[in-house]
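Okay, entry32.pdb now, which holds PDB, C-alpha atoms:
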ATOM      1  CA  MET A   1      -4.146  17.230  13.189  1.00  0.00           C
ATOM      2  CA  PHE A   2      -1.654  14.367  13.462  1.00  0.00           C
ATOM      3  CA  ALA A   3      -3.871  12.158  11.274  1.00  0.00           C
ATOM      4  CA  VAL A   4      -4.263  14.919   8.669  1.00  0.00           C
ATOM      5  CA  ALA A   5      -0.487  15.427   8.543  1.00  0.00           C
ATOM      6  CA  VAL A   6      -0.035  11.684   8.011  1.00  0.00           C
ATOM      7  CA  ALA A   7      -2.670  11.739   5.248  1.00  0.00           C
ATOM      8  CA  ILE A   8      -0.876  14.583   3.451  1.00  0.00           C
ATOM      9  CA  LEU A   9       2.501  12.853   3.627  1.00  0.00           C
ATOM     10  CA  SER A  10       1.071   9.531   2.455  1.00  0.00           C
ATOM     11  CA  GLY A  11      -0.861  11.240  -0.346  1.00  0.00           C
ATOM     12  CA  VAL A  12       2.249  12.912  -1.762  1.00  0.00           C
ATOM     13  CA  ILE A  13       4.128   9.611  -1.721  1.00  0.00           C
ATOM     14  CA  ARG A  14       1.169   7.741  -3.258  1.00  0.00           C
ATOM     15  CA  GLY A  15       0.766  10.316  -6.027  1.00  0.00           C
ATOM     16  CA  PHE A  16       4.479  10.213  -6.829  1.00  0.00           C
ATOM     17  CA  SER A  17       5.273   6.511  -6.566  1.00  0.00           C
ATOM     18  CA  GLY A  18       1.884   4.808  -6.956  1.00  0.00           C
ATOM     19  CA  PHE A  19       2.185   3.101  -3.555  1.00  0.00           C
ATOM     20  CA  GLY A  20       3.082   3.812   0.061  1.00  0.00           C
ATOM     21  CA  ALA A  21      -0.101   5.266   1.536  1.00  0.00           C
ATOM     22  CA  GLY A  22      -0.759   2.235   3.708  1.00  0.00           C
ATOM     23  CA  LEU A  23       2.901   1.900   4.704  1.00  0.00           C
ATOM     24  CA  ILE A  24       2.842   5.402   6.160  1.00  0.00           C
ATOM     25  CA  MET A  25      -0.689   5.441   7.530  1.00  0.00           C
ATOM     26  CA  ALA A  26      -0.823   1.965   9.110  1.00  0.00           C
ATOM     27  CA  PRO A  27       2.015   2.229  11.666  1.00  0.00           C
ATOM     28  CA  LEU A  28       1.447   5.921  12.419  1.00  0.00           C
ATOM     29  CA  LEU A  29      -2.356   5.985  12.689  1.00  0.00           C
ATOM     30  CA  ALA A  30      -2.264   2.767  14.736  1.00  0.00           C
ATOM     31  CA  LEU A  31      -0.678   4.871  17.477  1.00  0.00           C
ATOM     32  CA  ILE A  32      -3.937   6.794  17.932  1.00  0.00           C
ATOM     33  CA  TYR A  33      -6.675   4.542  16.513  1.00  0.00           C
ATOM     34  CA  GLY A  34      -5.379   1.021  17.209  1.00  0.00           C
ATOM     35  CA  PRO A  35      -4.570  -1.619  14.535  1.00  0.00           C
ATOM     36  CA  ALA A  36      -8.090  -2.839  13.700  1.00  0.00           C
ATOM     37  CA  ASP A  37      -9.661   0.635  13.357  1.00  0.00           C
ATOM     38  CA  THR A  38      -6.604   1.855  11.452  1.00  0.00           C
ATOM     39  CA  VAL A  39      -6.901  -0.838   8.768  1.00  0.00           C
ATOM     40  CA  VAL A  40     -10.536   0.127   8.154  1.00  0.00           C
ATOM     41  CA  ILE A  41      -9.764   3.855   7.987  1.00  0.00           C
ATOM     42  CA  VAL A  42      -6.668   3.426   5.831  1.00  0.00           C
ATOM     43  CA  MET A  43      -8.213   1.030   3.330  1.00  0.00           C
ATOM     44  CA  PHE A  44     -11.358   3.100   2.839  1.00  0.00           C
ATOM     45  CA  THR A  45      -9.350   6.314   2.489  1.00  0.00           C
ATOM     46  CA  VAL A  46      -6.899   4.761   0.022  1.00  0.00           C
ATOM     47  CA  PHE A  47      -9.697   3.183  -2.003  1.00  0.00           C
ATOM     48  CA  VAL A  48     -11.743   6.364  -2.433  1.00  0.00           C
ATOM     49  CA  GLY A  49      -8.781   8.714  -2.702  1.00  0.00           C
ATOM     50  CA  SER A  50      -6.924   6.655  -5.312  1.00  0.00           C
ATOM     51  CA  LEU A  51      -9.792   6.201  -7.772  1.00  0.00           C
ATOM     52  CA  GLN A  52      -8.709   9.374  -9.575  1.00  0.00           C
ATOM     53  CA  MET A  53      -5.410   7.709 -10.522  1.00  0.00           C
ATOM     54  CA  ILE A  54      -6.935   4.644 -12.226  1.00  0.00           C
ATOM     55  CA  PRO A  55      -8.018   6.144 -15.606  1.00  0.00           C
ATOM     56  CA  ALA A  56      -4.491   7.365 -16.375  1.00  0.00           C
ATOM     57  CA  ALA A  57      -2.891   4.114 -15.135  1.00  0.00           C
ATOM     58  CA  MET A  58      -5.028   1.623 -17.079  1.00  0.00           C
ATOM     59  CA  PRO A  59      -3.564   2.222 -20.574  1.00  0.00           C
ATOM     60  CA  LEU A  60       0.014   1.800 -19.280  1.00  0.00           C
ATOM     61  CA  ALA A  61      -0.503  -1.286 -17.099  1.00  0.00           C
ATOM     62  CA  THR A  62       0.869  -4.705 -18.128  1.00  0.00           C
ATOM     63  CA  LYS A  63      -1.790  -7.394 -17.804  1.00  0.00           C
ATOM     64  CA  ARG A  64       0.701 -10.288 -17.807  1.00  0.00           C
ATOM     65  CA  ASP A  65       2.050  -9.107 -14.441  1.00  0.00           C
ATOM     66  CA  LEU A  66      -1.172  -7.819 -12.914  1.00  0.00           C
ATOM     67  CA  LEU A  67      -3.712 -10.583 -13.585  1.00  0.00           C
ATOM     68  CA  PRO A  68      -1.978 -13.395 -11.597  1.00  0.00           C
ATOM     69  CA  ILE A  69      -1.393 -11.039  -8.678  1.00  0.00           C
ATOM     70  CA  ILE A  70      -4.992  -9.811  -8.657  1.00  0.00           C
ATOM     71  CA  ILE A  71      -6.331 -13.378  -8.863  1.00  0.00           C
ATOM     72  CA  SER A  72      -4.242 -14.424  -5.853  1.00  0.00           C
ATOM     73  CA  LEU A  73      -5.418 -11.417  -3.838  1.00  0.00           C
ATOM     74  CA  VAL A  74      -9.003 -12.719  -3.891  1.00  0.00           C
ATOM     75  CA  PRO A  75      -8.502 -15.644  -1.447  1.00  0.00           C
ATOM     76  CA  ALA A  76      -5.515 -14.211   0.444  1.00  0.00           C
ATOM     77  CA  THR A  77      -6.946 -10.857   1.558  1.00  0.00           C
ATOM     78  CA  PRO A  78      -9.968 -12.203   3.514  1.00  0.00           C
ATOM     79  CA  ILE A  79      -7.638 -14.582   5.348  1.00  0.00           C
ATOM     80  CA  GLY A  80      -5.521 -11.587   6.367  1.00  0.00           C
ATOM     81  CA  VAL A  81      -8.644  -9.764   7.558  1.00  0.00           C
ATOM     82  CA  TYR A  82      -9.574 -12.803   9.681  1.00  0.00           C
ATOM     83  CA  VAL A  83      -6.124 -12.658  11.288  1.00  0.00           C
ATOM     84  CA  LEU A  84      -6.639  -8.951  11.991  1.00  0.00           C
ATOM     85  CA  ILE A  85      -9.967  -9.625  13.715  1.00  0.00           C
ATOM     86  CA  THR A  86      -8.768 -12.543  15.856  1.00  0.00           C
ATOM     87  CA  VAL A  87      -5.181 -11.640  16.821  1.00  0.00           C
ATOM     88  CA  ASP A  88      -4.333  -9.543  19.896  1.00  0.00           C
ATOM     89  CA  PRO A  89      -4.101  -5.805  18.931  1.00  0.00           C
ATOM     90  CA  ASP A  90      -0.694  -5.265  20.566  1.00  0.00           C
ATOM     91  CA  MET A  91       0.740  -8.287  18.777  1.00  0.00           C
ATOM     92  CA  MET A  92      -0.721  -7.085  15.469  1.00  0.00           C
ATOM     93  CA  ARG A  93       0.832  -3.642  15.964  1.00  0.00           C
ATOM     94  CA  ARG A  94       4.246  -5.251  16.432  1.00  0.00           C
ATOM     95  CA  LEU A  95       3.726  -7.508  13.412  1.00  0.00           C
ATOM     96  CA  ILE A  96       2.834  -4.508  11.224  1.00  0.00           C
ATOM     97  CA  GLY A  97       5.938  -2.645  12.368  1.00  0.00           C
ATOM     98  CA  GLY A  98       8.122  -5.706  11.860  1.00  0.00           C
ATOM     99  CA  PHE A  99       6.800  -6.315   8.351  1.00  0.00           C
ATOM    100  CA  VAL A 100       7.584  -2.757   7.280  1.00  0.00           C
ATOM    101  CA  LEU A 101      11.021  -2.971   8.916  1.00  0.00           C
ATOM    102  CA  ILE A 102      11.906  -6.204   7.096  1.00  0.00           C
ATOM    103  CA  SER A 103      10.932  -4.589   3.794  1.00  0.00           C
ATOM    104  CA  ALA A 104      13.163  -1.612   4.579  1.00  0.00           C
ATOM    105  CA  ILE A 105      16.133  -3.834   5.469  1.00  0.00           C
ATOM    106  CA  ILE A 106      15.773  -5.741   2.195  1.00  0.00           C
ATOM    107  CA  MET A 107      15.837  -2.505   0.231  1.00  0.00           C
ATOM    108  CA  LEU A 108      18.722  -1.111   2.332  1.00  0.00           C
ATOM    109  CA  ARG A 109      20.864  -4.061   1.248  1.00  0.00           C
ATOM    110  CA  GLY A 110      20.218  -3.130  -2.357  1.00  0.00           C
ATOM    111  CA  TRP A 111      18.312  -6.316  -3.180  1.00  0.00           C
ATOM    112  CA  SER A 112      16.105  -6.358  -6.257  1.00  0.00           C
ATOM    113  CA  TYR A 113      14.311  -9.291  -7.791  1.00  0.00           C
ATOM    114  CA  THR A 114      16.243 -10.668 -10.783  1.00  0.00           C
ATOM    115  CA  GLY A 115      14.686 -14.125 -11.089  1.00  0.00           C
ATOM    116  CA  ALA A 116      11.988 -15.437 -13.370  1.00  0.00           C
ATOM    117  CA  ARG A 117       9.012 -13.206 -14.123  1.00  0.00           C
ATOM    118  CA  ASN A 118       6.092 -15.527 -14.718  1.00  0.00           C
ATOM    119  CA  ALA A 119       2.557 -16.216 -13.540  1.00  0.00           C
ATOM    120  CA  TYR A 120       3.747 -18.442 -10.663  1.00  0.00           C
ATOM    121  CA  ILE A 121       6.012 -15.749  -9.187  1.00  0.00           C
ATOM    122  CA  SER A 122       3.351 -13.086  -9.671  1.00  0.00           C
ATOM    123  CA  PHE A 123       0.781 -15.338  -7.985  1.00  0.00           C
ATOM    124  CA  THR A 124       3.089 -15.903  -5.003  1.00  0.00           C
ATOM    125  CA  ALA A 125       3.770 -12.176  -4.595  1.00  0.00           C
ATOM    126  CA  GLY A 126       0.028 -11.547  -4.669  1.00  0.00           C
ATOM    127  CA  ILE A 127      -0.669 -14.077  -1.918  1.00  0.00           C
ATOM    128  CA  VAL A 128       1.922 -12.549   0.416  1.00  0.00           C
ATOM    129  CA  SER A 129       0.653  -9.041  -0.321  1.00  0.00           C
ATOM    130  CA  GLY A 130      -2.969 -10.047   0.188  1.00  0.00           C
ATOM    131  CA  LEU A 131      -2.277 -11.600   3.591  1.00  0.00           C
ATOM    132  CA  ALA A 132      -0.249  -8.585   4.747  1.00  0.00           C
ATOM    133  CA  ASN A 133      -2.780  -6.103   3.409  1.00  0.00           C
ATOM    134  CA  GLY A 134      -5.793  -7.732   5.025  1.00  0.00           C
ATOM    135  CA  ALA A 135      -3.983  -8.128   8.344  1.00  0.00           C
ATOM    136  CA  GLY A 136      -2.378  -4.714   8.585  1.00  0.00           C
ATOM    137  CA  ALA A 137      -2.833  -2.510   5.483  1.00  0.00           C
ATOM    138  CA  VAL A 138       0.865  -3.024   4.614  1.00  0.00           C
ATOM    139  CA  GLY A 139       0.577  -5.307   1.592  1.00  0.00           C
ATOM    140  CA  GLY A 140       2.517  -3.114  -0.824  1.00  0.00           C
ATOM    141  CA  PRO A 141       6.172  -4.215  -0.344  1.00  0.00           C
ATOM    142  CA  PRO A 142       6.056  -7.747  -1.868  1.00  0.00           C
ATOM    143  CA  THR A 143       4.455  -6.691  -5.137  1.00  0.00           C
ATOM    144  CA  THR A 144       6.292  -3.365  -5.160  1.00  0.00           C
ATOM    145  CA  LEU A 145       9.669  -5.108  -4.801  1.00  0.00           C
ATOM    146  CA  TYR A 146       8.672  -7.444  -7.629  1.00  0.00           C
ATOM    147  CA  LEU A 147       7.299  -4.835 -10.022  1.00  0.00           C
ATOM    148  CA  ILE A 148       9.874  -2.123  -9.399  1.00  0.00           C
ATOM    149  CA  SER A 149      12.636  -4.596 -10.310  1.00  0.00           C
ATOM    150  CA  SER A 150      11.297  -5.019 -13.849  1.00  0.00           C
ATOM    151  CA  ASP A 151      12.825  -3.413 -16.938  1.00  0.00           C
ATOM    152  CA  GLU A 152       9.670  -1.428 -17.654  1.00  0.00           C
ATOM    153  CA  PRO A 153       9.771   2.411 -17.743  1.00  0.00           C
ATOM    154  CA  ALA A 154       8.941   4.257 -14.534  1.00  0.00           C
ATOM    155  CA  ALA A 155       5.506   5.265 -15.857  1.00  0.00           C
ATOM    156  CA  VAL A 156       4.573   1.592 -16.426  1.00  0.00           C
ATOM    157  CA  LYS A 157       5.870   0.539 -12.988  1.00  0.00           C
ATOM    158  CA  ARG A 158       3.905   3.331 -11.352  1.00  0.00           C
ATOM    159  CA  ALA A 159       0.745   2.388 -13.291  1.00  0.00           C
ATOM    160  CA  ASN A 160       1.020  -1.288 -12.298  1.00  0.00           C
ATOM    161  CA  ILE A 161       1.634  -0.454  -8.643  1.00  0.00           C
ATOM    162  CA  THR A 162      -1.193   2.116  -8.631  1.00  0.00           C
ATOM    163  CA  ILE A 163      -3.740  -0.388  -9.920  1.00  0.00           C
ATOM    164  CA  LEU A 164      -2.613  -3.128  -7.531  1.00  0.00           C
ATOM    165  CA  SER A 165      -2.699  -0.805  -4.534  1.00  0.00           C
ATOM    166  CA  THR A 166      -6.268   0.183  -5.373  1.00  0.00           C
ATOM    167  CA  VAL A 167      -7.331  -3.442  -5.941  1.00  0.00           C
ATOM    168  CA  MET A 168      -5.822  -4.398  -2.575  1.00  0.00           C
ATOM    169  CA  ALA A 169      -7.832  -1.648  -0.906  1.00  0.00           C
ATOM    170  CA  ILE A 170     -11.039  -2.900  -2.564  1.00  0.00           C
ATOM    171  CA  MET A 171     -10.335  -6.512  -1.615  1.00  0.00           C
ATOM    172  CA  THR A 172      -9.770  -5.466   1.998  1.00  0.00           C
ATOM    173  CA  VAL A 173     -12.809  -3.182   2.286  1.00  0.00           C
ATOM    174  CA  ILE A 174     -15.216  -5.893   1.065  1.00  0.00           C
ATOM    175  CA  PRO A 175     -14.531  -8.494   3.822  1.00  0.00           C
ATOM    176  CA  LEU A 176     -14.351  -5.710   6.410  1.00  0.00           C
ATOM    177  CA  ALA A 177     -17.806  -4.548   5.358  1.00  0.00           C
ATOM    178  CA  ILE A 178     -19.176  -8.111   5.368  1.00  0.00           C
ATOM    179  CA  SER A 179     -17.775  -8.722   8.850  1.00  0.00           C
ATOM    180  CA  GLY A 180     -19.477  -5.564  10.129  1.00  0.00           C
ATOM    181  CA  MET A 181     -16.226  -3.824  11.063  1.00  0.00           C
ATOM    182  CA  ILE A 182     -16.939  -0.640   9.068  1.00  0.00           C
ATOM    183  CA  THR A 183     -18.905   1.757  11.256  1.00  0.00           C
ATOM    184  CA  THR A 184     -20.063   5.368  11.002  1.00  0.00           C
ATOM    185  CA  LYS A 185     -17.096   6.356  13.160  1.00  0.00           C
ATOM    186  CA  HIS A 186     -14.668   4.879  10.628  1.00  0.00           C
ATOM    187  CA  LEU A 187     -16.405   6.607   7.719  1.00  0.00           C
ATOM    188  CA  LEU A 188     -16.250   9.975   9.499  1.00  0.00           C
ATOM    189  CA  HIS A 189     -12.548   9.571  10.265  1.00  0.00           C
ATOM    190  CA  SER A 190     -11.901   8.615   6.642  1.00  0.00           C
ATOM    191  CA  ALA A 191     -13.987  11.519   5.306  1.00  0.00           C
ATOM    192  CA  ALA A 192     -11.936  13.954   7.376  1.00  0.00           C
ATOM    193  CA  LEU A 193      -8.752  12.638   5.746  1.00  0.00           C
ATOM    194  CA  LEU A 194      -9.972  12.413   2.144  1.00  0.00           C
ATOM    195  CA  ILE A 195      -9.623  16.066   1.086  1.00  0.00           C
ATOM    196  CA  PRO A 196      -6.012  16.464   2.294  1.00  0.00           C
ATOM    197  CA  PHE A 197      -5.178  12.962   0.993  1.00  0.00           C
ATOM    198  CA  ILE A 198      -6.588  13.579  -2.502  1.00  0.00           C
ATOM    199  CA  SER A 199      -4.984  17.024  -2.711  1.00  0.00           C
ATOM    200  CA  ALA A 200      -1.635  15.527  -1.753  1.00  0.00           C
ATOM    201  CA  ILE A 201      -2.015  12.776  -4.396  1.00  0.00           C
ATOM    202  CA  ILE A 202      -2.432  15.470  -7.058  1.00  0.00           C
ATOM    203  CA  LEU A 203       0.722  17.188  -5.801  1.00  0.00           C
ATOM    204  CA  GLY A 204       2.627  13.882  -5.859  1.00  0.00           C
ATOM    205  CA  GLY A 205       1.497  13.235  -9.435  1.00  0.00           C
ATOM    206  CA  TYR A 206       2.741  16.682 -10.434  1.00  0.00           C
ATOM    207  CA  LEU A 207       6.161  15.908  -8.930  1.00  0.00           C
ATOM    208  CA  PHE A 208       6.294  12.534 -10.735  1.00  0.00           C
ATOM    209  CA  GLY A 209       5.739  14.292 -14.056  1.00  0.00           C
ATOM    210  CA  ARG A 210       8.986  16.183 -13.493  1.00  0.00           C
ATOM    211  CA  THR A 211      11.261  13.241 -12.778  1.00  0.00           C
ATOM    212  CA  ASN A 212      12.911  10.339 -14.661  1.00  0.00           C
ATOM    213  CA  ASP A 213      13.256   6.560 -14.259  1.00  0.00           C
ATOM    214  CA  ARG A 214      16.399   6.720 -12.102  1.00  0.00           C
ATOM    215  CA  VAL A 215      15.024   9.341  -9.730  1.00  0.00           C
ATOM    216  CA  TYR A 216      11.722   7.467  -9.476  1.00  0.00           C
ATOM    217  CA  ARG A 217      13.472   4.241  -8.458  1.00  0.00           C
ATOM    218  CA  LEU A 218      15.775   5.946  -5.946  1.00  0.00           C
ATOM    219  CA  VAL A 219      12.971   7.917  -4.302  1.00  0.00           C
ATOM    220  CA  SER A 220      10.757   4.821  -4.076  1.00  0.00           C
ATOM    221  CA  LEU A 221      13.499   2.701  -2.522  1.00  0.00           C
ATOM    222  CA  TRP A 222      14.647   5.317  -0.028  1.00  0.00           C
ATOM    223  CA  PHE A 223      11.045   5.972   0.912  1.00  0.00           C
ATOM    224  CA  LEU A 224      10.651   2.335   1.983  1.00  0.00           C
ATOM    225  CA  ILE A 225      13.846   2.597   4.023  1.00  0.00           C
ATOM    226  CA  ALA A 226      12.633   5.789   5.722  1.00  0.00           C
ATOM    227  CA  VAL A 227       9.320   4.158   6.652  1.00  0.00           C
ATOM    228  CA  GLY A 228      11.130   1.201   8.213  1.00  0.00           C
ATOM    229  CA  LEU A 229      13.400   3.450  10.258  1.00  0.00           C
ATOM    230  CA  THR A 230      10.420   5.532  11.411  1.00  0.00           C
ATOM    231  CA  VAL A 231       8.654   2.422  12.684  1.00  0.00           C
ATOM    232  CA  VAL A 232      11.774   1.379  14.604  1.00  0.00           C
ATOM    233  CA  ILE A 233      12.053   4.804  16.269  1.00  0.00           C
ATOM    234  CA  LEU A 234       8.373   4.816  17.224  1.00  0.00           C
TER     235      LEU A 234
END
Once more with this new file: its structure as structure tokens, please.
Amino acid sequence: MFAVAVAILSGVIRGFSGFGAGLIMAPLLALIYGPADTVVIVMFTVFVGSLQMIPAAMPLATKRDLLPIIISLVPATPIGVYVLITVDPDMMRRLIGGFVLISAIIMLRGWSYTGARNAYISFTAGIVSGLANGAGAVGGPPTTLYLISSDEPAAVKRANITILSTVMAIMTVIPLAISGMITTKHLLHSAALLIPFISAIILGGYLFGRTNDRVYRLVSLWFLIAVGLTVVIL
């Protein structure tokens, strides 16, 4: 029941903002499944559950921002998965919590990226996200901070973040499957979460359709702060 509640909350946030499922699921589900099992469950659930969002996001996405990030995810994500497999579980749990907390502190200080927006910066953001995603299913903040700071409309930001989040899930599931970490137990846990997760994504998308750019940005930023505070309390 705890896992289902987490899936519903993360689904609403994912449907509304285009990101955040892993940020909620990873630290909370790690409390009951452990870091390694949690990454498998979260990534598979996010991958399958988010496919419904891709057709609507594709026409709005900006390739100039997405392509360098996606290219950099290819080598970075398997390295993160290797870290997940080899590092002590308790240490990994603390690293996941610390990563989310740092992201929340950055947003709490009102920082937004105002520097150059080019292939090099996009590539760098993708590498950091890939490492964090493979190691702990929390790769969203670097690219989210970068993309949400652009001058694009909220619908374009959400589309870009939606596609990247799904690509990160795919890039994490592949090395996990190759390494033999995905078991029947993981698939059953994920299947149990998919219906509430997908239903919540639909609800989140409905809420997004009734907001504007300013509200979208504020909700997204305060969501990251709330996740960081939750991890600190837990």
Exercise. With distances taken over only C-alpha atoms, which of A:Gly34, A:Gly18, A:Pro196, A:Pro68 is nearest to A:Met1?
Worked result: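 Looking only at the distances to A:Met1, the closest residue turns out to be A:Pro196.
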Problem set entry | Residue with smallest distance to A:Ile195 - pool A:Ile24, A:Ile161, A:Arg14, A:Val48, counting only C-alpha atoms |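 Ranked by minimum distance to A:Ile195, first place goes to A:Val48.
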Problem set entry | Nearest to A:Tyr146, chosen from A:Leu23, A:Ile170, A:Ala5, A:Leu66, with all atoms listed in the file counted in the distances |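 With all atoms listed in the file as the atom set, the closest residue is A:Leu66.
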Problem set entry | Residues within 8 Å of A:Ile70, all atoms listed in the file, excluding chain neighbours under 3 positions, as a PyMOL selection string | chain A and resi 66-67+73-74+126+164+167
Exercise. Written as a ChimeraX atom specification, which residues does the PyMOL selection byres ((chain A and resi 44) around 8) give for the file shown?
Worked result: /A:40-43,45-48,169,173,187,190
Report as a tab-separated table (two decimals) with C-alpha atoms, keeping the file's coordinate frame the full result of the PyMOL selection byres ((chain A and resi 57) around 12) when it is applied to this structure.
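In the end it all went to expr-v6.tsv:
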chain	number	residue	atom	x	y	z
A	15	GLY	CA	0.77	10.32	-6.03
A	18	GLY	CA	1.88	4.81	-6.96
A	50	SER	CA	-6.92	6.66	-5.31
A	51	LEU	CA	-9.79	6.20	-7.77
A	52	GLN	CA	-8.71	9.37	-9.57
A	53	MET	CA	-5.41	7.71	-10.52
A	54	ILE	CA	-6.94	4.64	-12.23
A	55	PRO	CA	-8.02	6.14	-15.61
A	56	ALA	CA	-4.49	7.36	-16.38
A	58	MET	CA	-5.03	1.62	-17.08
A	59	PRO	CA	-3.56	2.22	-20.57
A	60	LEU	CA	0.01	1.80	-19.28
A	61	ALA	CA	-0.50	-1.29	-17.10
A	62	THR	CA	0.87	-4.70	-18.13
A	63	LYS	CA	-1.79	-7.39	-17.80
A	154	ALA	CA	8.94	4.26	-14.53
A	155	ALA	CA	5.51	5.26	-15.86
A	156	VAL	CA	4.57	1.59	-16.43
A	157	LYS	CA	5.87	0.54	-12.99
A	158	ARG	CA	3.90	3.33	-11.35
A	159	ALA	CA	0.74	2.39	-13.29
A	160	ASN	CA	1.02	-1.29	-12.30
A	161	ILE	CA	1.63	-0.45	-8.64
A	162	THR	CA	-1.19	2.12	-8.63
A	163	ILE	CA	-3.74	-0.39	-9.92
A	164	LEU	CA	-2.61	-3.13	-7.53
A	165	SER	CA	-2.70	-0.80	-4.53
A	166	THR	CA	-6.27	0.18	-5.37
A	205	GLY	CA	1.50	13.24	-9.44
Exercise. Which residues come within 8 Å of A:Pro175, counting all atoms listed in the file, excluding same-chain residues fewer than 3 positions away, as a ChimeraX atom specification?
Worked result: /A:78,81,171-172,178-179
For this session: Just give me the gap between atom CA of A:Val128 and atom CA of A:Pro142 in Å, one decimal is fine.
Result: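 Taking atom CA of A:Val128 and atom CA of A:Pro142, their separation equals 6.7 Å.
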Problem set entry | Nearest to A:Thr38, chosen from A:Gly22, A:Gly11, A:Phe2, A:Leu203, with only C-alpha atoms counted in the distances |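 The answer is A:Gly22, which sits nearest to A:Thr38.
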Exercise. Rounded to one decimal in Å, what is the spacing between atom CA of A:Phe223 and atom CA of A:Ile201?
Worked result: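 Those two atoms sit 15.7 Å apart.
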For this session: Determine the nearest neighbour of A:Met25 from the options A:Ala76, A:Leu193, A:Ala119, A:Ile69, counting all atoms listed in the file.
Result: A:Leu193
For this session: Give the answer as one residue: which of A:Ser150, A:Thr124, A:Thr183, A:Ser10 has the shortest atom-to-atom distance to A:Phe197, using only C-alpha atoms?
Result: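 The shortest atom-to-atom distance to A:Phe197 comes from A:Ser10.
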Step by step, gather every atom of stretch 199-203 of chain A that the file lists, find the box along x, y and z that holds them, add 5 Å on each side, and finally give centre and edge lengths in Å to one decimal, as lines of an AutoDock Vina configuration file.
center_x = -2.1
center_y = 15.0
center_z = -4.4
size_x = 15.7
size_y = 14.4
size_z = 15.3
